[in-house]
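With JSON, C-alpha atoms inside, this is target-v2.json:
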[["chain", "number", "residue", "atom", "x", "y", "z"],
["A", 1, "GLU", "CA", -11.81, 106.56, -20.90],
["A", 2, "ALA", "CA", -11.51, 103.61, -23.29],
["A", 3, "GLU", "CA", -12.27, 105.83, -26.31],
["A", 4, "ARG", "CA", -9.59, 108.29, -25.23],
["A", 5, "LYS", "CA", -7.01, 105.52, -24.92],
["A", 6, "LEU", "CA", -7.96, 104.08, -28.31],
["A", 7, "LYS", "CA", -7.52, 107.49, -29.95],
["A", 8, "ALA", "CA", -4.13, 107.89, -28.26],
["A", 9, "ILE", "CA", -3.03, 104.47, -29.54],
["A", 10, "LYS", "CA", -4.20, 105.32, -33.06],
["A", 11, "LYS", "CA", -2.20, 108.55, -32.89],
["A", 12, "GLU", "CA", 0.85, 106.65, -31.60],
["A", 13, "LYS", "CA", 0.60, 104.15, -34.46],
["A", 14, "LYS", "CA", 0.38, 106.90, -37.07],
["A", 15, "ALA", "CA", 3.36, 108.75, -35.58],
["A", 16, "TYR", "CA", 5.44, 105.58, -35.52],
["A", 17, "ARG", "CA", 4.68, 104.87, -39.18],
["A", 18, "GLU", "CA", 5.85, 108.35, -40.13],
["A", 19, "GLU", "CA", 8.99, 107.93, -38.05],
["A", 20, "HIS", "CA", 9.68, 104.52, -39.60],
["A", 21, "LYS", "CA", 9.17, 105.89, -43.12],
["A", 22, "LYS", "CA", 11.80, 108.56, -42.56],
["A", 23, "ALA", "CA", 14.22, 106.02, -41.06],
["A", 24, "PHE", "CA", 13.64, 103.66, -44.00],
["A", 25, "GLU", "CA", 14.38, 106.40, -46.53],
["A", 26, "ARG", "CA", 17.76, 107.00, -44.90],
["A", 27, "LEU", "CA", 18.83, 103.40, -45.62],
["A", 28, "SER", "CA", 20.86, 102.47, -48.68],
["A", 29, "GLU", "CA", 19.17, 100.67, -51.56],
["A", 30, "LEU", "CA", 20.74, 97.35, -50.58],
["A", 31, "GLN", "CA", 19.64, 97.80, -46.95],
["A", 32, "GLN", "CA", 16.13, 98.68, -48.08],
["A", 33, "MET", "CA", 15.88, 95.48, -50.15],
["A", 34, "ALA", "CA", 17.07, 93.35, -47.23],
["A", 35, "TYR", "CA", 14.67, 95.10, -44.84],
["A", 36, "ASN", "CA", 11.78, 94.68, -47.29],
["A", 37, "ASN", "CA", 12.42, 90.93, -47.42],
["A", 38, "THR", "CA", 12.38, 90.82, -43.62],
["A", 39, "MET", "CA", 9.08, 92.73, -43.51],
["A", 40, "VAL", "CA", 7.52, 90.40, -46.09],
["A", 41, "ARG", "CA", 8.41, 87.42, -43.91],
["A", 42, "ASP", "CA", 6.96, 89.17, -40.85],
["A", 43, "ALA", "CA", 3.74, 90.06, -42.69],
["A", 44, "THR", "CA", 3.35, 86.42, -43.73],
["A", 45, "ALA", "CA", 4.06, 85.20, -40.19],
["A", 46, "MET", "CA", 1.44, 87.53, -38.68],
["A", 47, "ASN", "CA", -1.25, 85.99, -40.90],
["A", 48, "GLU", "CA", -0.50, 82.49, -39.65],
["A", 49, "PRO", "CA", -3.08, 81.04, -37.18],
["A", 50, "ASP", "CA", -0.36, 79.98, -34.71],
["A", 51, "PHE", "CA", 1.53, 83.29, -34.92],
["A", 52, "SER", "CA", 3.79, 84.28, -32.01],
["A", 53, "PRO", "CA", 5.41, 87.73, -31.56],
["A", 54, "ASP", "CA", 8.76, 86.01, -31.01],
["A", 55, "GLU", "CA", 8.79, 85.12, -34.72],
["A", 56, "LEU", "CA", 8.99, 88.76, -35.83],
["A", 57, "GLU", "CA", 12.35, 89.92, -37.21],
["A", 58, "SER", "CA", 11.78, 93.59, -38.09],
["A", 59, "ASP", "CA", 11.55, 96.39, -35.53],
["A", 60, "TYR", "CA", 8.62, 97.85, -37.48],
["A", 61, "TYR", "CA", 6.32, 94.85, -37.13],
["A", 62, "ARG", "CA", 7.40, 94.26, -33.53],
["A", 63, "LYS", "CA", 6.28, 97.76, -32.63],
["A", 64, "ILE", "CA", 3.09, 97.51, -34.70],
["A", 65, "ASP", "CA", 2.24, 94.20, -33.02],
["A", 66, "GLU", "CA", 2.83, 95.75, -29.60],
["A", 67, "ILE", "CA", 0.53, 98.67, -30.43],
["A", 68, "ASN", "CA", -2.15, 96.35, -31.82],
["A", 69, "ARG", "CA", -2.05, 94.24, -28.67],
["A", 70, "LYS", "CA", -2.54, 97.31, -26.49],
["A", 71, "ARG", "CA", -5.50, 98.34, -28.63],
["A", 72, "GLY", "CA", -6.96, 94.82, -28.44],
["A", 73, "ASP", "CA", -6.65, 94.75, -24.65],
["A", 74, "ILE", "CA", -8.42, 98.10, -24.30],
["A", 75, "ALA", "CA", -11.23, 97.08, -26.67],
["A", 76, "ALA", "CA", -11.60, 93.78, -24.82],
["A", 77, "HIS", "CA", -11.71, 95.53, -21.42],
["A", 78, "LYS", "CA", -14.38, 97.82, -22.84],
["A", 79, "ALA", "CA", -16.38, 94.77, -23.93],
["A", 80, "LEU", "CA", -15.77, 93.26, -20.49],
["A", 81, "GLU", "CA", -17.41, 96.27, -18.87],
["A", 82, "SER", "CA", -20.25, 96.42, -21.40],
["A", 83, "TRP", "CA", -21.25, 92.84, -22.07],
["A", 84, "VAL", "CA", -20.19, 90.70, -19.11],
["A", 85, "PRO", "CA", -22.52, 92.54, -16.65],
["A", 86, "ILE", "CA", -25.40, 91.91, -19.08],
["A", 87, "ILE", "CA", -24.48, 88.23, -19.33],
["A", 88, "ALA", "CA", -24.24, 88.03, -15.54],
["A", 89, "ALA", "CA", -27.64, 89.69, -15.16],
["A", 90, "LEU", "CA", -29.17, 87.24, -17.63],
["A", 91, "GLY", "CA", -27.65, 84.33, -15.73],
["A", 92, "ALA", "CA", -28.97, 85.73, -12.45],
["A", 93, "ALA", "CA", -32.45, 86.04, -13.93],
["A", 94, "ILE", "CA", -32.40, 82.42, -15.13],
["A", 95, "ILE", "CA", -31.09, 81.07, -11.82],
["A", 96, "SER", "CA", -33.51, 83.14, -9.73],
["A", 97, "SER", "CA", -36.40, 82.00, -11.95],
["A", 98, "MET", "CA", -35.47, 78.40, -11.09],
["A", 99, "LEU", "CA", -35.75, 79.17, -7.40],
["A", 100, "LEU", "CA", -38.90, 81.29, -7.64],
["A", 101, "PHE", "CA", -40.99, 79.32, -10.11],
["A", 102, "LYS", "CA", -39.81, 75.81, -9.26],
["A", 103, "GLY", "CA", -38.63, 75.86, -5.65],
["A", 104, "LEU", "CA", -40.51, 78.55, -3.71],
["A", 105, "LYS", "CA", -43.82, 77.84, -5.44],
["A", 106, "ASN", "CA", -44.15, 74.82, -3.15],
["A", 107, "ILE", "CA", -43.93, 77.11, -0.12],
["A", 108, "ASP", "CA", -46.97, 79.29, 0.48],
["A", 109, "LEU", "CA", -45.30, 82.72, 0.48],
["A", 110, "GLY", "CA", -48.15, 84.50, -1.27],
["A", 111, "LEU", "CA", -45.98, 85.44, -4.25],
["A", 112, "THR", "CA", -47.83, 86.03, -7.50],
["A", 113, "THR", "CA", -46.32, 85.71, -10.97],
["A", 114, "LEU", "CA", -45.89, 89.48, -11.07],
["A", 115, "HIS", "CA", -44.05, 89.40, -7.73],
["A", 116, "ASN", "CA", -41.72, 86.70, -9.06],
["A", 117, "TYR", "CA", -40.87, 88.72, -12.16],
["A", 118, "LEU", "CA", -40.27, 91.84, -10.06],
["A", 119, "ILE", "CA", -37.91, 89.91, -7.78],
["A", 120, "MET", "CA", -36.11, 88.48, -10.82],
["A", 121, "GLY", "CA", -35.71, 91.99, -12.23],
["A", 122, "MET", "CA", -34.33, 93.37, -8.96],
["A", 123, "ILE", "CA", -31.86, 90.49, -8.61],
["A", 124, "ALA", "CA", -30.74, 90.90, -12.24],
["A", 125, "ALA", "CA", -30.27, 94.66, -11.75],
["A", 126, "ALA", "CA", -28.27, 94.15, -8.55],
["A", 127, "VAL", "CA", -26.04, 91.56, -10.24],
["A", 128, "TRP", "CA", -25.54, 93.83, -13.26],
["A", 129, "MET", "CA", -24.46, 96.71, -11.02],
["A", 130, "ALA", "CA", -22.13, 94.54, -8.89],
["A", 131, "THR", "CA", -20.51, 92.98, -11.97],
["A", 132, "PHE", "CA", -20.09, 96.35, -13.67],
["A", 133, "ILE", "CA", -18.39, 97.82, -10.60],
["A", 134, "PHE", "CA", -16.17, 94.74, -10.29],
["A", 135, "ALA", "CA", -15.20, 95.02, -13.98],
["A", 136, "ARG", "CA", -14.24, 98.68, -13.46],
["A", 137, "THR", "CA", -11.93, 97.75, -10.59],
["A", 138, "LEU", "CA", -10.05, 95.33, -12.87],
["A", 139, "LYS", "CA", -8.93, 97.99, -15.37],
["A", 140, "GLY", "CA", -5.33, 97.78, -14.28],
["A", 141, "ALA", "CA", -5.19, 93.97, -14.51],
["A", 142, "SER", "CA", -4.38, 92.02, -17.65],
["A", 143, "LEU", "CA", -7.28, 90.88, -19.82],
["A", 144, "ASP", "CA", -6.67, 87.19, -19.08],
["A", 145, "ARG", "CA", -6.66, 87.78, -15.32],
["A", 146, "SER", "CA", -9.72, 90.04, -15.50],
["A", 147, "THR", "CA", -11.84, 87.51, -17.39],
["A", 148, "PHE", "CA", -10.56, 84.68, -15.19],
["A", 149, "LEU", "CA", -11.50, 86.49, -11.97],
["A", 150, "MET", "CA", -14.90, 87.70, -13.17],
["A", 151, "PHE", "CA", -16.11, 84.42, -14.58],
["A", 152, "SER", "CA", -14.66, 82.47, -11.64],
["A", 153, "TRP", "CA", -17.01, 84.32, -9.30],
["A", 154, "MET", "CA", -19.90, 84.09, -11.75],
["A", 155, "GLN", "CA", -19.33, 80.37, -12.15],
["A", 156, "VAL", "CA", -19.97, 79.83, -8.43],
["A", 157, "PHE", "CA", -23.58, 80.87, -9.00],
["A", 158, "THR", "CA", -24.07, 78.94, -12.24],
["A", 159, "ALA", "CA", -22.65, 75.84, -10.54],
["A", 160, "SER", "CA", -25.13, 76.36, -7.69],
["A", 161, "GLY", "CA", -27.94, 76.81, -10.21],
["A", 162, "PHE", "CA", -26.96, 73.61, -11.99],
["A", 163, "ALA", "CA", -26.82, 71.76, -8.66],
["A", 164, "PHE", "CA", -30.33, 73.02, -7.91],
["A", 165, "SER", "CA", -31.62, 71.83, -11.30],
["A", 166, "HIS", "CA", -29.80, 68.52, -10.79],
["A", 167, "GLY", "CA", -31.62, 68.00, -7.52],
["A", 168, "SER", "CA", -34.95, 68.92, -9.11],
["A", 169, "ASN", "CA", -34.62, 66.17, -11.73],
["A", 170, "ASP", "CA", -32.01, 63.47, -11.06],
["A", 171, "ILE", "CA", -32.75, 63.16, -7.36],
["A", 172, "ALA", "CA", -36.46, 63.24, -8.16],
["A", 173, "ASN", "CA", -35.84, 60.37, -10.61],
["A", 174, "ALA", "CA", -34.25, 58.33, -7.83],
["A", 175, "ILE", "CA", -36.79, 59.08, -5.13],
["A", 176, "GLY", "CA", -39.86, 58.71, -7.37],
["A", 177, "PRO", "CA", -40.15, 54.88, -7.30],
["A", 178, "PHE", "CA", -39.24, 54.83, -3.60],
["A", 179, "ALA", "CA", -41.95, 57.37, -2.78],
["A", 180, "ALA", "CA", -44.51, 55.35, -4.76],
["A", 181, "ILE", "CA", -43.64, 52.17, -2.84],
["A", 182, "LEU", "CA", -43.92, 53.98, 0.51],
["A", 183, "ASP", "CA", -47.32, 55.34, -0.51],
["A", 184, "VAL", "CA", -48.56, 51.86, -1.46],
["A", 185, "LEU", "CA", -47.35, 50.45, 1.87],
["A", 186, "ARG", "CA", -49.06, 53.26, 3.74],
["A", 187, "THR", "CA", -52.40, 53.39, 1.88],
["A", 188, "GLY", "CA", -52.62, 49.89, 0.41],
["A", 189, "GLU", "CA", -53.44, 51.20, -3.08],
["A", 190, "ILE", "CA", -51.67, 52.77, -6.06],
["A", 191, "GLY", "CA", -52.40, 56.47, -6.41],
["A", 192, "SER", "CA", -51.60, 59.01, -9.12],
["A", 193, "GLU", "CA", -49.68, 61.11, -6.60],
["A", 194, "ALA", "CA", -47.52, 60.13, -3.66],
["A", 195, "ALA", "CA", -46.36, 62.30, -0.78],
["A", 196, "VAL", "CA", -42.61, 62.24, -0.20],
["A", 197, "PRO", "CA", -41.61, 62.04, 3.48],
["A", 198, "THR", "CA", -39.17, 64.70, 4.64],
["A", 199, "VAL", "CA", -36.88, 62.02, 6.07],
["A", 200, "ALA", "CA", -36.63, 60.36, 2.65],
["A", 201, "MET", "CA", -35.81, 63.66, 0.94],
["A", 202, "VAL", "CA", -33.09, 64.45, 3.48],
["A", 203, "THR", "CA", -31.67, 60.92, 3.17],
["A", 204, "PHE", "CA", -31.44, 61.13, -0.61],
["A", 205, "GLY", "CA", -29.90, 64.61, -0.39],
["A", 206, "VAL", "CA", -27.23, 63.39, 2.01],
["A", 207, "ALA", "CA", -26.59, 60.38, -0.24],
["A", 208, "LEU", "CA", -26.04, 62.77, -3.17],
["A", 209, "ILE", "CA", -23.45, 64.76, -1.22],
["A", 210, "VAL", "CA", -21.68, 61.62, 0.02],
["A", 211, "GLY", "CA", -21.52, 60.18, -3.50],
["A", 212, "LEU", "CA", -20.09, 63.42, -4.85],
["A", 213, "TRP", "CA", -17.56, 63.65, -2.02],
["A", 214, "PHE", "CA", -16.20, 60.11, -2.20],
["A", 215, "ILE", "CA", -16.78, 58.88, -5.75],
["A", 216, "GLY", "CA", -17.43, 61.94, -7.92],
["A", 217, "LYS", "CA", -13.79, 62.93, -8.39],
["A", 218, "GLU", "CA", -13.32, 60.91, -11.60],
["A", 219, "VAL", "CA", -16.44, 62.34, -13.22],
["A", 220, "ILE", "CA", -15.41, 65.87, -12.22],
["A", 221, "GLN", "CA", -12.00, 65.29, -13.81],
["A", 222, "THR", "CA", -13.56, 63.94, -17.01],
["A", 223, "VAL", "CA", -16.15, 66.68, -17.48],
["A", 224, "GLY", "CA", -14.05, 69.55, -16.16],
["A", 225, "HIS", "CA", -10.65, 68.80, -17.70],
["A", 226, "ASN", "CA", -10.37, 65.77, -19.96],
["A", 227, "LEU", "CA", -13.19, 66.33, -22.45],
["A", 228, "THR", "CA", -12.00, 69.79, -23.53],
["A", 229, "ALA", "CA", -9.89, 72.69, -22.28],
["A", 230, "MET", "CA", -12.04, 74.73, -19.90],
["A", 231, "HIS", "CA", -11.85, 78.37, -18.78],
["A", 232, "PRO", "CA", -14.15, 79.96, -16.19],
["A", 233, "ALA", "CA", -15.94, 81.73, -19.07],
["A", 234, "SER", "CA", -16.60, 78.47, -20.92],
["A", 235, "GLY", "CA", -17.53, 76.76, -17.64],
["A", 236, "PHE", "CA", -20.02, 79.54, -16.94],
["A", 237, "SER", "CA", -21.57, 79.10, -20.39],
["A", 238, "ALA", "CA", -21.81, 75.32, -20.12],
["A", 239, "GLU", "CA", -23.30, 75.30, -16.61],
["A", 240, "LEU", "CA", -25.83, 78.03, -17.36],
["A", 241, "ALA", "CA", -27.00, 76.28, -20.53],
["A", 242, "ALA", "CA", -27.19, 72.88, -18.83],
["A", 243, "ALA", "CA", -29.03, 74.27, -15.81],
["A", 244, "ALA", "CA", -31.61, 75.98, -18.04],
["A", 245, "VAL", "CA", -32.24, 72.80, -20.07],
["A", 246, "VAL", "CA", -32.54, 70.57, -16.99],
["A", 247, "MET", "CA", -34.85, 73.03, -15.27],
["A", 248, "LEU", "CA", -37.05, 73.26, -18.37],
["A", 249, "ALA", "CA", -37.28, 69.46, -18.42],
["A", 250, "SER", "CA", -38.13, 69.43, -14.71],
["A", 251, "THR", "CA", -40.85, 72.03, -15.23],
["A", 252, "LEU", "CA", -42.36, 69.88, -17.98],
["A", 253, "GLY", "CA", -42.08, 66.78, -15.77],
["A", 254, "ILE", "CA", -39.63, 65.05, -18.12],
["A", 255, "PRO", "CA", -36.98, 62.88, -16.42],
["A", 256, "VAL", "CA", -33.55, 63.56, -17.94],
["A", 257, "SER", "CA", -29.91, 63.00, -17.04],
["A", 258, "SER", "CA", -28.28, 66.25, -15.97],
["A", 259, "THR", "CA", -24.84, 64.65, -16.41],
["A", 260, "HIS", "CA", -25.54, 63.83, -20.06],
["A", 261, "ILE", "CA", -26.89, 67.33, -20.63],
["A", 262, "LEU", "CA", -23.83, 68.93, -19.04],
["A", 263, "ILE", "CA", -21.53, 66.78, -21.18],
["A", 264, "GLY", "CA", -23.46, 67.99, -24.22],
["A", 265, "ALA", "CA", -22.93, 71.59, -23.11],
["A", 266, "VAL", "CA", -19.20, 71.00, -22.55],
["A", 267, "LEU", "CA", -19.01, 69.29, -25.95],
["A", 268, "GLY", "CA", -20.51, 72.43, -27.50],
["A", 269, "ILE", "CA", -17.71, 74.47, -25.91],
["A", 270, "GLY", "CA", -15.16, 72.02, -27.30],
["A", 271, "LEU", "CA", -16.63, 72.26, -30.80],
["A", 272, "VAL", "CA", -16.41, 76.06, -30.74],
["A", 273, "ASN", "CA", -12.82, 75.96, -29.41],
["A", 274, "ARG", "CA", -11.93, 73.03, -31.69],
["A", 275, "GLN", "CA", -10.36, 71.26, -28.74],
["A", 276, "THR", "CA", -12.71, 68.33, -28.22],
["A", 277, "ASN", "CA", -11.16, 65.10, -26.99],
["A", 278, "TRP", "CA", -12.96, 62.79, -29.41],
["A", 279, "GLY", "CA", -11.07, 59.79, -28.07],
["A", 280, "LEU", "CA", -12.80, 60.29, -24.71],
["A", 281, "MET", "CA", -16.13, 61.19, -26.30],
["A", 282, "LYS", "CA", -16.43, 57.77, -27.96],
["A", 283, "PRO", "CA", -16.71, 55.74, -24.70],
["A", 284, "ILE", "CA", -19.04, 58.39, -23.27],
["A", 285, "ALA", "CA", -21.36, 58.11, -26.28],
["A", 286, "LEU", "CA", -21.15, 54.32, -26.05],
["A", 287, "ALA", "CA", -22.14, 54.54, -22.38],
["A", 288, "TRP", "CA", -25.19, 56.63, -23.35],
["A", 289, "VAL", "CA", -26.30, 53.84, -25.68],
["A", 290, "ILE", "CA", -25.52, 50.93, -23.36],
["A", 291, "THR", "CA", -26.64, 52.16, -19.94],
["A", 292, "LEU", "CA", -30.37, 52.43, -20.68],
["A", 293, "PRO", "CA", -30.94, 48.86, -21.96],
["A", 294, "ALA", "CA", -28.37, 47.49, -19.49],
["A", 295, "ALA", "CA", -30.23, 49.04, -16.55],
["A", 296, "GLY", "CA", -33.55, 47.77, -17.92],
["A", 297, "ILE", "CA", -32.28, 44.21, -18.36],
["A", 298, "LEU", "CA", -30.60, 44.14, -14.94],
["A", 299, "SER", "CA", -33.70, 45.56, -13.28],
["A", 300, "GLY", "CA", -35.87, 42.90, -14.93],
["A", 301, "ILE", "CA", -33.53, 40.10, -13.82],
["A", 302, "ILE", "CA", -33.46, 41.33, -10.22],
["A", 303, "PHE", "CA", -37.25, 41.63, -10.17],
["A", 304, "MET", "CA", -37.63, 38.10, -11.56],
["A", 305, "ILE", "CA", -35.35, 36.78, -8.82],
["A", 306, "PHE", "CA", -37.33, 38.50, -6.07],
["A", 307, "ASN", "CA", -40.62, 37.51, -7.69],
["A", 308, "SER", "CA", -39.65, 33.84, -7.77],
["A", 309, "ALA", "CA", -38.27, 33.97, -4.22],
["A", 310, "TYR", "CA", -41.31, 35.60, -2.65]]
Go ahead and express the file in the form of structure tokens.
Amino acid sequence: EAERKLKAIKKEKKAYREEHKKAFERLSELQQMAYNNTMVRDATAMNEPDFSPDELESDYYRKIDEINRKRGDIAAHKALESWVPIIAALGAAIISSMLLFKGLKNIDLGLTTLHNYLIMGMIAAAVWMATFIFARTLKGASLDRSTFLMFSWMQVFTASGFAFSHGSNDIANAIGPFAAILDVLRTGEIGSEAAVPTVAMVTFGVALIVGLWFIGKEVIQTVGHNLTAMHPASGFSAELAAAAVVMLASTLGIPVSSTHILIGAVLGIGLVNRQTNWGLMKPIALAWVITLPAAGILSGIIFMIFNSAY
């Protein structure tokens, strides 16, 4: 279907050029010179990076620009049907691998590595098919609306995947010292491993949600809007990349900051789009440098106070 439309547009463009050539030849020499000057200005304007169709003066270039835009939309819709389902399937495979290899491995379900890969493959295939069908239903919509709708739905799952990876690392960072203290109080000795009570895990999970609900608005605004201009497609890319990095760190047992990693992913989007808010990035980078020693110093002072008091 897309190939047929592209051939029809190519034929339309060729026919219009022939028609314009005949109309141009009917003009007087003075009219031809004036029209040539107009076309030269239009050709120059079309090569400008901030070109707008409203700048065009000649009927010829207006029509050519209209035809080119139709061709671009069709080619982009074709790419939307071809590549976005593959990207969605890849994202589904990454997110499902997080759940299977990191989450469900702690539950004795009898799943082997082969079973996990088979489940990942089936989920990826199902997501590919669903996304492909969804892309086909958006043929009549504009390209901007089609990409917005598709990646908006896909971003729901990448956001969930990032939240899962966030819980696997940041919340583990917070509960780790607490679990060690509880284990010492219970056993009277320091062990290499400490069991985490279910009540503690639920409490920290609720605290995470409460903090996000009441205080997280400013951070959401900064990361989602202020650092760079975001589109569902760029949000999907940033969240998928950040989730994969955080989950890899969690698998290796390395404590990292998922917020810092996500900001790095968003910064990468801004660099590609050349729309990074460097004025905002400076205090963020300064915070990265200051927070680690500041937390260490404050923690040492508090411990010294308690140590001297008790």
*Looking at A:Ser165, A:Thr198, A:Gln31, A:Asn273, which one is nearest to A:Ser97, with distances taken over all atoms listed in the file?*
A:Ser165
*asked:* Report, in Å to a single decimal, how far apart atom CA of A:Leu240 and atom CA of A:Ala135 are.
replied: 20.3 Å
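Atom CA of A:Lys78 sits 29.7 Å away from atom CA of A:Thr44.
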*asked:* Can you pull out the residues contacting A:Ala15? Cut-off 12 Å, using all atoms listed in the file, and skip same-chain residues under 5 positions away; I want them as a ChimeraX atom specification.
replied: /A:8-10,20-22,63-64,67
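Between atom CA of A:Gln221 and atom CA of A:Leu99 there is a distance of 28.2 Å.
Candidate residues A:Met304, A:Ile123, A:Ala229, A:Ala287 were compared for distance to A:Ile95, and the nearest is A:Ile123, using all atoms listed in the file.
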*Residues within 12 Å of (-26.2, 69.3, -4.7), file coords, all atoms listed in the file, listed as a PyMOL selection string*: chain A and resi 159-171+202+204-213+216+258
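Proximity to A:Lys102 was assessed for A:Met201, A:Leu227, A:Ala249, A:Ala79 counting only C-alpha atoms; the smallest distance is recorded for A:Ala249.
Candidate residues A:Ile305, A:Leu111, A:Val245, A:Val256 were compared for distance to A:Ala174, and the nearest is A:Val256, using all atoms listed in the file.
The closest residue to A:Ala88, picked from A:Thr276, A:Thr222, A:Thr131, A:Ser257 and counting only C-alpha atoms, is A:Thr131.
Residue nearest A:Leu248, chosen from A:Met33, A:Met98, A:Val184, A:Leu56 and counting all atoms listed in the file: A:Met98.
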